[in-house]
$ cat data.cif   # mmCIF, C-alpha atoms (C1' of nucleotides)
data_data
loop_
_atom_site.label_atom_id
_atom_site.label_comp_id
_atom_site.auth_asym_id
_atom_site.auth_seq_id
_atom_site.Cartn_x
_atom_site.Cartn_y
_atom_site.Cartn_z
CA MET A 8 25.47 -57.43 -5.21
CA PRO A 9 22.98 -54.68 -5.46
CA GLU A 10 21.01 -55.93 -8.45
CA LEU A 11 17.86 -54.43 -9.93
CA PRO A 12 15.55 -54.99 -6.92
CA GLU A 13 18.06 -53.52 -4.49
CA VAL A 14 18.77 -50.50 -6.70
CA GLU A 15 15.05 -49.98 -7.27
CA THR A 16 14.43 -50.10 -3.51
CA ILE A 17 17.11 -47.49 -2.97
CA ARG A 18 15.65 -45.37 -5.78
CA ARG A 19 12.23 -45.36 -4.13
CA GLY A 20 13.74 -44.48 -0.78
CA LEU A 21 15.63 -41.55 -2.25
CA GLN A 22 12.62 -40.43 -4.28
CA ASP A 23 10.76 -40.11 -0.97
CA THR A 24 13.55 -38.34 0.88
CA ILE A 25 15.94 -36.22 -1.18
CA VAL A 26 13.76 -34.85 -3.99
CA GLY A 27 13.49 -31.08 -3.60
CA ARG A 28 16.63 -30.82 -1.50
CA THR A 29 19.49 -28.65 -2.65
CA ILE A 30 23.08 -29.87 -2.57
CA ALA A 31 25.11 -27.36 -0.57
CA GLN A 32 28.40 -29.20 -0.43
CA ILE A 33 30.09 -32.39 -1.57
CA GLU A 34 33.00 -34.04 0.18
CA VAL A 35 34.86 -36.62 -1.87
CA ARG A 36 36.90 -38.83 0.44
CA SER A 37 37.94 -41.26 -2.29
CA ALA A 38 38.79 -39.70 -5.64
CA LYS A 39 38.39 -43.14 -7.24
CA SER A 40 34.71 -43.04 -6.41
CA PHE A 41 34.07 -40.05 -8.65
CA THR A 42 34.51 -40.36 -12.42
CA GLY A 43 37.01 -37.83 -13.69
CA MET A 44 38.76 -37.15 -10.40
CA SER A 45 41.48 -39.77 -10.32
CA GLU A 46 41.99 -40.87 -13.89
CA ALA A 47 43.40 -38.35 -16.32
CA ARG A 48 40.97 -38.39 -19.19
CA PRO A 49 41.39 -36.85 -22.58
CA GLY A 50 39.09 -33.88 -22.93
CA SER A 51 39.10 -33.48 -19.18
CA ALA A 52 38.29 -29.83 -19.62
CA GLN A 53 34.73 -30.98 -20.30
CA THR A 54 34.55 -33.51 -17.50
CA LEU A 55 31.96 -32.44 -14.98
CA LEU A 56 33.12 -32.61 -11.40
CA PRO A 57 31.52 -32.68 -7.93
CA ALA A 58 31.78 -28.91 -7.69
CA ASP A 59 29.32 -28.66 -10.60
CA LEU A 60 26.65 -30.21 -8.36
CA GLU A 61 26.86 -27.68 -5.58
CA GLY A 62 23.83 -25.42 -5.53
CA GLN A 63 21.80 -27.88 -7.63
CA THR A 64 18.42 -29.25 -6.53
CA ILE A 65 17.31 -32.89 -6.84
CA GLU A 66 14.35 -33.05 -9.20
CA ALA A 67 13.60 -36.79 -9.44
CA MET A 68 15.14 -40.23 -8.99
CA ASP A 69 15.40 -42.61 -11.92
CA ARG A 70 16.96 -45.98 -12.59
CA ARG A 71 18.26 -47.92 -15.59
CA GLY A 72 19.33 -51.50 -14.90
CA LYS A 73 21.55 -51.32 -11.85
CA LEU A 74 22.34 -47.65 -12.41
CA LEU A 75 20.84 -44.97 -10.17
CA ILE A 76 20.09 -41.68 -11.92
CA PHE A 77 19.77 -38.46 -9.93
CA ASN A 78 17.98 -35.87 -12.05
CA LEU A 79 18.64 -32.27 -11.09
CA VAL A 80 16.57 -29.21 -11.81
CA GLY A 81 18.17 -27.86 -14.98
CA PRO A 82 20.39 -29.58 -17.56
CA LEU A 83 22.53 -31.77 -15.32
CA CYS A 84 22.20 -35.13 -13.64
CA PHE A 85 24.49 -37.60 -11.99
CA THR A 86 24.57 -41.37 -11.94
CA ALA A 87 25.76 -43.83 -9.33
CA HIS A 88 26.72 -47.45 -9.91
CA LEU A 89 26.98 -49.37 -6.64
CA ARG A 90 28.79 -52.39 -8.12
CA MET A 91 29.44 -54.87 -5.30
CA THR A 92 29.32 -53.05 -2.00
CA GLY A 93 27.94 -49.58 -2.66
CA GLN A 94 25.33 -48.05 -0.39
CA MET A 95 23.36 -44.79 -0.60
CA ILE A 96 22.18 -43.83 2.85
CA PHE A 97 20.14 -40.76 3.70
CA ARG A 98 20.27 -39.22 7.14
CA GLU A 99 17.96 -36.48 8.38
CA VAL A 100 19.41 -33.56 10.28
CA GLY A 101 20.86 -34.70 13.56
CA ALA A 102 20.55 -38.40 12.70
CA GLU A 103 24.15 -38.93 11.64
CA GLY A 104 25.31 -40.59 14.81
CA ALA A 105 23.55 -43.01 17.11
CA ASP A 106 20.81 -45.44 16.20
CA GLY A 107 18.50 -43.74 18.65
CA ALA A 108 18.46 -40.54 16.67
CA PHE A 109 17.11 -42.57 13.78
CA ASP A 110 13.96 -43.76 15.49
CA GLY A 111 11.73 -41.52 13.46
CA PHE A 112 12.54 -43.58 10.38
CA ALA A 113 13.62 -47.01 11.41
CA GLY A 114 12.28 -47.46 14.89
CA GLY A 115 10.59 -50.78 15.30
CA HIS A 116 11.83 -52.15 12.01
CA PRO A 117 13.10 -55.73 12.52
CA ASN A 118 16.21 -55.02 10.49
CA ALA A 119 16.95 -51.62 11.95
CA SER A 120 19.54 -52.90 14.38
CA MET A 121 22.30 -52.88 11.79
CA ILE A 122 22.08 -49.17 11.26
CA GLY A 123 25.32 -47.53 12.31
CA ALA A 124 26.76 -44.10 12.73
CA MET A 125 27.48 -42.09 9.59
CA PRO A 126 29.94 -41.49 8.16
CA ASP A 127 31.86 -44.70 8.69
CA ARG A 128 35.18 -45.93 7.31
CA SER A 129 33.58 -47.06 4.05
CA THR A 130 32.10 -43.62 3.33
CA ARG A 131 33.51 -42.35 0.02
CA VAL A 132 31.34 -39.34 -0.81
CA ILE A 133 29.21 -37.14 1.45
CA PHE A 134 26.47 -34.91 0.08
CA THR A 135 25.37 -32.19 2.48
CA PHE A 136 22.02 -30.64 1.64
CA ALA A 137 21.17 -27.01 2.34
CA ASP A 138 18.86 -28.03 5.18
CA GLY A 139 21.68 -29.89 6.92
CA SER A 140 20.61 -33.45 6.02
CA HIS A 141 23.14 -35.83 4.41
CA LEU A 142 23.42 -38.48 1.75
CA TYR A 143 26.32 -40.90 2.27
CA PHE A 144 27.80 -42.93 -0.56
CA ASN A 145 29.48 -45.85 1.20
CA ASP A 146 31.49 -48.40 -0.71
CA GLN A 147 33.72 -50.83 1.08
CA ARG A 148 35.50 -52.12 -2.00
CA LYS A 149 35.62 -48.88 -3.98
CA PHE A 150 34.27 -50.53 -7.15
CA GLY A 151 31.33 -48.17 -7.40
CA PHE A 152 31.43 -44.66 -8.81
CA ILE A 153 29.46 -41.49 -9.36
CA THR A 154 29.45 -39.67 -12.69
CA VAL A 155 28.17 -36.16 -13.41
CA LEU A 156 26.85 -35.52 -16.89
CA ARG A 157 24.31 -33.62 -18.91
CA LYS A 158 20.85 -35.18 -19.13
CA ALA A 159 21.08 -34.82 -22.89
CA ASP A 160 24.17 -37.04 -22.89
CA LEU A 161 22.60 -39.90 -20.92
CA PRO A 162 21.45 -41.98 -23.90
CA ALA A 163 24.93 -41.84 -25.41
CA ASP A 164 26.65 -42.76 -22.16
CA ASP A 165 28.98 -45.74 -22.71
CA PHE A 166 27.36 -47.79 -20.00
CA ILE A 167 23.71 -46.95 -20.61
CA ARG A 168 23.69 -47.36 -24.37
CA ARG A 169 24.84 -50.97 -24.10
CA LEU A 170 22.09 -52.03 -21.71
CA GLY A 171 19.40 -54.43 -22.84
CA PRO A 172 15.68 -53.99 -22.08
CA GLU A 173 14.30 -53.27 -18.63
CA PRO A 174 13.08 -56.67 -17.43
CA LEU A 175 9.88 -55.30 -15.86
CA SER A 176 8.88 -53.34 -18.94
CA GLU A 177 6.99 -54.66 -21.93
CA ASP A 178 10.19 -54.20 -23.94
CA PHE A 179 11.44 -57.41 -22.40
CA THR A 180 9.76 -60.34 -24.12
CA TRP A 181 10.65 -63.95 -24.75
CA GLN A 182 11.56 -62.92 -28.29
CA THR A 183 14.15 -60.43 -27.07
CA LEU A 184 15.51 -63.13 -24.80
CA ARG A 185 15.60 -65.59 -27.68
CA ASP A 186 17.55 -63.11 -29.83
CA ALA A 187 20.06 -62.55 -27.04
CA PHE A 188 20.46 -66.29 -26.51
CA VAL A 189 21.17 -66.69 -30.22
CA ARG A 190 23.92 -64.08 -29.93
CA HIS A 191 25.30 -65.88 -26.87
CA GLY A 192 24.53 -69.35 -28.21
CA GLY A 193 27.87 -70.88 -27.29
CA GLU A 194 27.94 -69.57 -23.74
CA SER A 195 26.18 -70.86 -20.66
CA VAL A 196 22.67 -69.55 -19.97
CA LYS A 197 24.08 -68.05 -16.82
CA ALA A 198 26.75 -66.07 -18.68
CA ALA A 199 24.14 -64.90 -21.19
CA LEU A 200 21.81 -63.66 -18.44
CA LEU A 201 24.60 -61.92 -16.54
CA ASP A 202 25.45 -59.94 -19.68
CA GLN A 203 23.67 -56.61 -19.20
CA SER A 204 22.97 -56.35 -22.93
CA THR A 205 20.68 -59.39 -22.71
CA VAL A 206 18.47 -57.84 -20.05
CA ALA A 207 19.42 -55.00 -17.73
CA GLY A 208 19.72 -55.51 -14.01
CA LEU A 209 20.23 -59.21 -13.33
CA GLY A 210 23.17 -60.34 -11.21
CA ASN A 211 24.28 -63.53 -9.56
CA ILE A 212 21.39 -63.88 -7.13
CA TYR A 213 18.44 -63.40 -9.48
CA VAL A 214 20.02 -65.36 -12.31
CA ASP A 215 20.34 -68.41 -10.07
CA GLU A 216 16.84 -67.92 -8.72
CA SER A 217 15.25 -67.47 -12.16
CA LEU A 218 17.02 -70.54 -13.53
CA PHE A 219 15.85 -72.65 -10.59
CA ARG A 220 12.26 -71.53 -11.10
CA THR A 221 12.54 -72.50 -14.76
CA ARG A 222 14.37 -75.76 -14.00
CA ILE A 223 17.30 -74.97 -16.27
CA ARG A 224 20.83 -75.96 -15.37
CA PRO A 225 22.99 -72.81 -15.17
CA ASP A 226 25.75 -74.35 -17.31
CA ARG A 227 23.38 -75.27 -20.13
CA LEU A 228 24.28 -73.59 -23.42
CA ALA A 229 22.11 -70.55 -24.15
CA GLY A 230 21.60 -71.77 -27.69
CA ASP A 231 20.03 -75.02 -26.46
CA VAL A 232 17.10 -73.53 -24.53
CA SER A 233 13.72 -74.48 -26.00
CA THR A 234 11.02 -71.97 -26.86
CA VAL A 235 8.84 -73.26 -24.07
CA LYS A 236 11.61 -72.73 -21.56
CA LEU A 237 12.39 -69.30 -23.01
CA LYS A 238 8.83 -68.19 -22.39
CA GLN A 239 8.85 -69.58 -18.86
CA LEU A 240 12.22 -68.02 -18.12
CA THR A 241 11.06 -64.60 -19.30
CA GLN A 242 8.07 -64.73 -16.97
CA ASN A 243 10.09 -66.15 -14.08
CA ILE A 244 12.63 -63.33 -14.34
CA LYS A 245 9.81 -60.80 -14.10
CA ASP A 246 8.15 -62.64 -11.19
CA CYS A 247 11.38 -63.08 -9.32
CA LEU A 248 12.34 -59.41 -9.58
CA THR A 249 8.84 -58.26 -8.68
CA ILE A 250 8.76 -60.38 -5.54
CA ALA A 251 12.25 -59.22 -4.61
CA ILE A 252 11.29 -55.55 -4.95
CA GLU A 253 8.24 -56.15 -2.76
CA ALA A 254 10.54 -57.74 -0.18
CA GLY A 255 12.84 -54.72 -0.25
CA GLY A 256 15.65 -56.57 -2.03
CA SER A 257 18.21 -59.14 -0.91
CA THR A 258 20.85 -58.67 1.74
CA ALA A 259 23.62 -61.21 1.27
CA ARG A 260 26.38 -59.16 2.83
CA ASN A 261 26.00 -55.45 3.23
CA TYR A 262 23.14 -54.23 1.09
CA VAL A 263 20.86 -51.74 2.83
CA ASN A 264 18.21 -49.41 1.44
CA ALA A 265 18.31 -45.61 1.51
CA LEU A 266 17.34 -45.66 5.17
CA GLY A 267 20.00 -48.20 6.13
CA ILE A 268 17.63 -51.16 6.42
CA LYS A 269 18.33 -54.68 5.09
CA GLY A 270 16.19 -56.49 2.53
CA ASP A 271 14.04 -59.54 3.30
CA TYR A 272 14.15 -61.46 0.01
CA LEU A 273 16.83 -64.03 0.77
CA ASP A 274 15.43 -65.27 4.07
CA ALA A 275 11.85 -65.27 2.87
CA TYR A 276 11.95 -66.29 -0.79
CA ALA A 277 15.32 -67.53 -2.06
CA HIS A 278 15.28 -71.09 -3.34
CA VAL A 279 18.94 -71.58 -4.19
CA TYR A 280 21.16 -68.54 -3.62
CA GLY A 281 23.01 -68.91 -0.33
CA ARG A 282 21.45 -72.34 0.28
CA ALA A 283 24.20 -74.69 -0.94
CA GLY A 284 24.08 -78.01 0.91
CA GLN A 285 20.52 -77.44 2.08
CA PRO A 286 17.51 -79.40 0.76
CA CYS A 287 15.73 -78.21 -2.38
CA HIS A 288 12.37 -76.62 -1.57
CA ALA A 289 10.79 -78.64 -4.38
CA CYS A 290 12.28 -82.12 -4.09
CA GLY A 291 14.50 -82.29 -1.02
CA THR A 292 17.70 -83.08 -2.93
CA LEU A 293 20.71 -81.30 -1.45
CA LEU A 294 21.55 -78.17 -3.45
CA LYS A 295 24.92 -78.18 -5.16
CA LYS A 296 27.45 -75.38 -5.42
CA THR A 297 29.64 -75.05 -8.50
CA LYS A 298 31.25 -72.33 -10.54
CA VAL A 299 29.65 -71.18 -13.79
CA ALA A 300 30.69 -68.12 -15.79
CA GLY A 301 33.26 -67.47 -13.07
CA ARG A 302 30.61 -67.03 -10.37
CA GLY A 303 29.59 -69.08 -7.41
CA THR A 304 26.47 -70.94 -8.57
CA VAL A 305 23.90 -72.94 -6.64
CA TYR A 306 21.37 -75.26 -8.27
CA CYS A 307 19.33 -78.38 -7.66
CA PRO A 308 20.91 -81.37 -9.43
CA HIS A 309 17.52 -83.08 -9.58
CA CYS A 310 15.16 -80.25 -10.59
CA GLN A 311 17.66 -78.63 -12.94
CA ARG A 312 18.90 -81.62 -14.90
CA ARG A 313 19.13 -80.03 -18.33
"C1'" DC B 8 36.47 -64.00 -33.34
"C1'" DA B 9 34.45 -66.39 -29.36
"C1'" DC B 10 34.95 -67.18 -25.00
"C1'" DT B 11 37.52 -67.20 -20.40
"C1'" DT B 12 40.28 -65.25 -16.95
"C1'" DG B 13 42.26 -61.52 -14.28
"C1'" DA B 14 42.14 -56.95 -12.22
"C1'" DC B 15 40.01 -53.71 -9.47
"C1'" DC B 16 39.36 -53.47 -3.75
"C1'" DT B 17 38.33 -54.60 1.20
"C1'" DG B 18 36.51 -57.48 4.67
"C1'" DT B 19 35.36 -61.98 6.52
"C1'" DC B 20 35.99 -66.66 7.32
"C1'" DC B 21 38.64 -70.95 7.50
"C1'" DG B 22 42.52 -73.96 8.41
"C1'" DC B 23 47.02 -74.37 10.39
"C1'" DT C 7 46.36 -65.30 18.42
"C1'" DG C 8 48.39 -64.57 14.05
"C1'" DC C 9 48.75 -65.41 9.16
"C1'" DG C 10 48.05 -66.86 4.53
"C1'" DG C 11 44.68 -67.90 1.32
"C1'" DA C 12 40.07 -68.51 -0.60
"C1'" DC C 13 35.96 -66.21 -1.35
"C1'" DA C 14 32.38 -62.62 -2.12
"C1'" DG C 15 30.72 -61.08 -7.61
"C1'" DG C 16 29.79 -56.20 -11.35
"C1'" DT C 17 32.15 -54.83 -15.19
"C1'" DC C 18 35.81 -54.18 -18.39
"C1'" DA C 19 40.47 -55.18 -20.15
"C1'" DA C 20 43.52 -58.52 -21.29
"C1'" DG C 21 44.57 -63.13 -22.42
"C1'" DT C 22 43.89 -67.76 -24.71
#
$ encode --input "data.cif" --output "C-alpha cells"
Amino acid sequence: MPELPEVETIRRGLQDTIVGRTIAQIEVRSAKSFTGMSEARPGSAQTLLPADLEGQTIEAMDRRGKLLIFNLVGPLCFTAHLRMTGQMIFREVGAEGADGAFDGFAGGHPNASMIGAMPDRSTRVIFTFADGSHLYFNDQRKFGFITVLRKADLPADDFIRRLGPEPLSEDFTWQTLRDAFVRHGGESVKAALLDQSTVAGLGNIYVDESLFRTRIRPDRLAGDVSTVKLKQLTQNIKDCLTIAIEAGGSTARNYVNALGIKGDYLDAYAHVYGRAGQPCHACGTLLKKTKVAGRGTVYCPHCQRR
DNA sequence: CACTTGACCTGTCCGC
DNA sequence: TGCGGACAGGTCAAGT
C-alpha cells in the first residue's frame, strides 16, 4: 500500500526530523520484522543486527522505489520496506502518548485526529534516540522488514539491484517502458507495471490511476500498447506520482506519514482506485471492478476500451 | 520457459 | 452477538 509517493512523503518527514539524531537503543518486538533475526541464514556471522545500529547517528534519508534508506554517519546504513501496512512514525520527547502532546506538530491538521498513542499493538521495532525521542516501526501484518547493511553493499543488494528506473528521474523514458513491455509482452499491462523491474515504485493504486489517465484497459497485453500510448503512459505515470507526492500520498487503509498524518490524494485526485460503482469523472459511466494480475482493479469500461 | 497462484500476516467488513 | 469467509495487495516461492 505504501507506494512511491507514500514512501517519499515519509522520507521527507524523516529527513526533517531524525537526521543528526543518534540511536541509543533499539527494541525489536517482532523478530520477523528484522532481517537476520528470525531466519537462520548461511553466513549469519556476517549478518548485521540491530545492536550494530546502537550509537550510530542518522546522516541522511534516501529512497529507492518503495524502499526507505537510512544512511548513518560512517560505513553502515539500514533499509526499511513497508510492504502493505508498514508505518514509520516519529515522536518527539514526551509526545508518545496522548494526541494533545502532539499539538506542536499536528495541531490543526485536518487529518491529525487519527494520531494515536505510541507504541501500539502493531509496533514491531522501537528506535530510541539519545535525546529521548522515538521512531516507531509499526506493521500490522508483519510483511515489512528492516535490514542493516554496509553502504558499499547497497547496489548489490538482492532487492535493489533488480529495481527498474526511478519514475521521476530522466532515466525513466518511454523507450525504457517500451523495452520492459517487450519483455513482458504476453502479460497484462497491469502486471508489467506492477513488476518493479519495469519501473520502481508503482503499486496497485498508481497503476490503476495511470492506466485510466492513458485510457488503457488494465488487462490489455503489454505487447499490444502503441508507441503513442507508451509515450502518454510514461508522462501520466510521472504526473500521477508528482501530484500524489504533493498531496502527501494516498491513505486507503492505514498509511500515515512520519508524523502520523494521512495523505490526501485519494479523496482529492483519484479517478478510479476505491471508486468502483461510482460514475467516471470523464464520461459518467459506472466504474467497474475486476481482478487483473491477481489484484483488485478498477477501470472505466467506456474510457478504457482497449 | 512463461505465466499464474499461493503464502506470508492481521484486521475489517459482510452475510447468516 | 458470534462466526466463517472474502478481501485488502507487495513480493517471492511454488505450481501449472
$ atom_distance --input "data.cif" --atom1 "atom CA of Cys307 of chain A" --atom2 "atom CA of Gly291 of chain A"
9.1 Å
$ closest_atom_pairs --input "data.cif" --of "chain A" --to "chain B" --cutoff "7 Å" --atoms "all atoms listed in the file" --output "CSV"
residue,atom,partner,partner_atom,distance
A:Gln147,CA,B:DT17,C1',6.0
A:Arg148,CA,B:DC16,C1',4.4
A:Lys149,CA,B:DC16,C1',5.9
A:Phe150,CA,B:DC16,C1',6.8
$ write_last_selection --input "data.cif" --atoms "C-alpha atoms" --output "PDB file, keeping the file's coordinate frame"
ATOM      1  CA  GLN A 147      33.720 -50.830   1.080  1.00  0.00           C
ATOM      2  CA  ARG A 148      35.500 -52.120  -2.000  1.00  0.00           C
ATOM      3  CA  LYS A 149      35.620 -48.880  -3.980  1.00  0.00           C
ATOM      4  CA  PHE A 150      34.270 -50.530  -7.150  1.00  0.00           C
TER       5      PHE A 150
END
$ residues_around --input "data.cif" --residues "DG15 of chain C" --least-positions-apart "6" --cutoff "7 Å" --atoms "all atoms listed in the file" --output "PyMOL selection string"
chain A and resi 8+91+302
$ write_last_selection --input "data.cif" --atoms "C-alpha atoms" --output "compact mmCIF listing (two decimals), keeping the file's coordinate frame"
# COMPACT_ATOMS: atom_id res chain seq x y z
CA MET A 8 25.47 -57.43 -5.21
CA MET A 91 29.44 -54.87 -5.30
CA ARG A 302 30.61 -67.03 -10.37
$ resolve_selection --input "data.cif" --expression "the PyMOL selection byres ((chain C) within 12 of (chain A))" --output "JSON, numbers by chain"
{"C": [13, 14, 15, 16, 17, 18]}
$ residues_around --input "data.cif" --residues "segment 241-255 of chain A" --least-positions-apart "6" --cutoff "7 Å" --atoms "all atoms listed in the file" --output "number ranges by chain"
A: 12-13, 16, 174-175, 180-181, 217, 220-221, 270-272
$ decode --input "data.cif" --residues "chain C" --atoms "C-alpha atoms (C1' of nucleotides)" --output "tab-separated table (two decimals), in the first residue's frame"
chain	number	residue	atom	x	y	z
C	7	DT	C1'	-23.74	-11.36	19.08
C	8	DG	C1'	-20.86	-14.77	17.14
C	9	DC	C1'	-18.62	-16.99	13.30
C	10	DG	C1'	-16.84	-18.20	8.89
C	11	DG	C1'	-15.18	-16.37	4.81
C	12	DA	C1'	-13.76	-12.87	1.48
C	13	DC	C1'	-10.86	-9.12	0.94
C	14	DA	C1'	-7.02	-5.74	1.38
C	15	DG	C1'	-2.24	-6.10	-2.13
C	16	DG	C1'	3.98	-6.14	-2.08
C	17	DT	C1'	7.00	-9.60	-3.13
C	18	DC	C1'	8.85	-14.10	-3.72
C	19	DA	C1'	8.40	-19.15	-3.97
C	20	DA	C1'	5.99	-22.72	-5.77
C	21	DG	C1'	2.91	-24.56	-9.05
C	22	DT	C1'	0.79	-25.23	-13.76
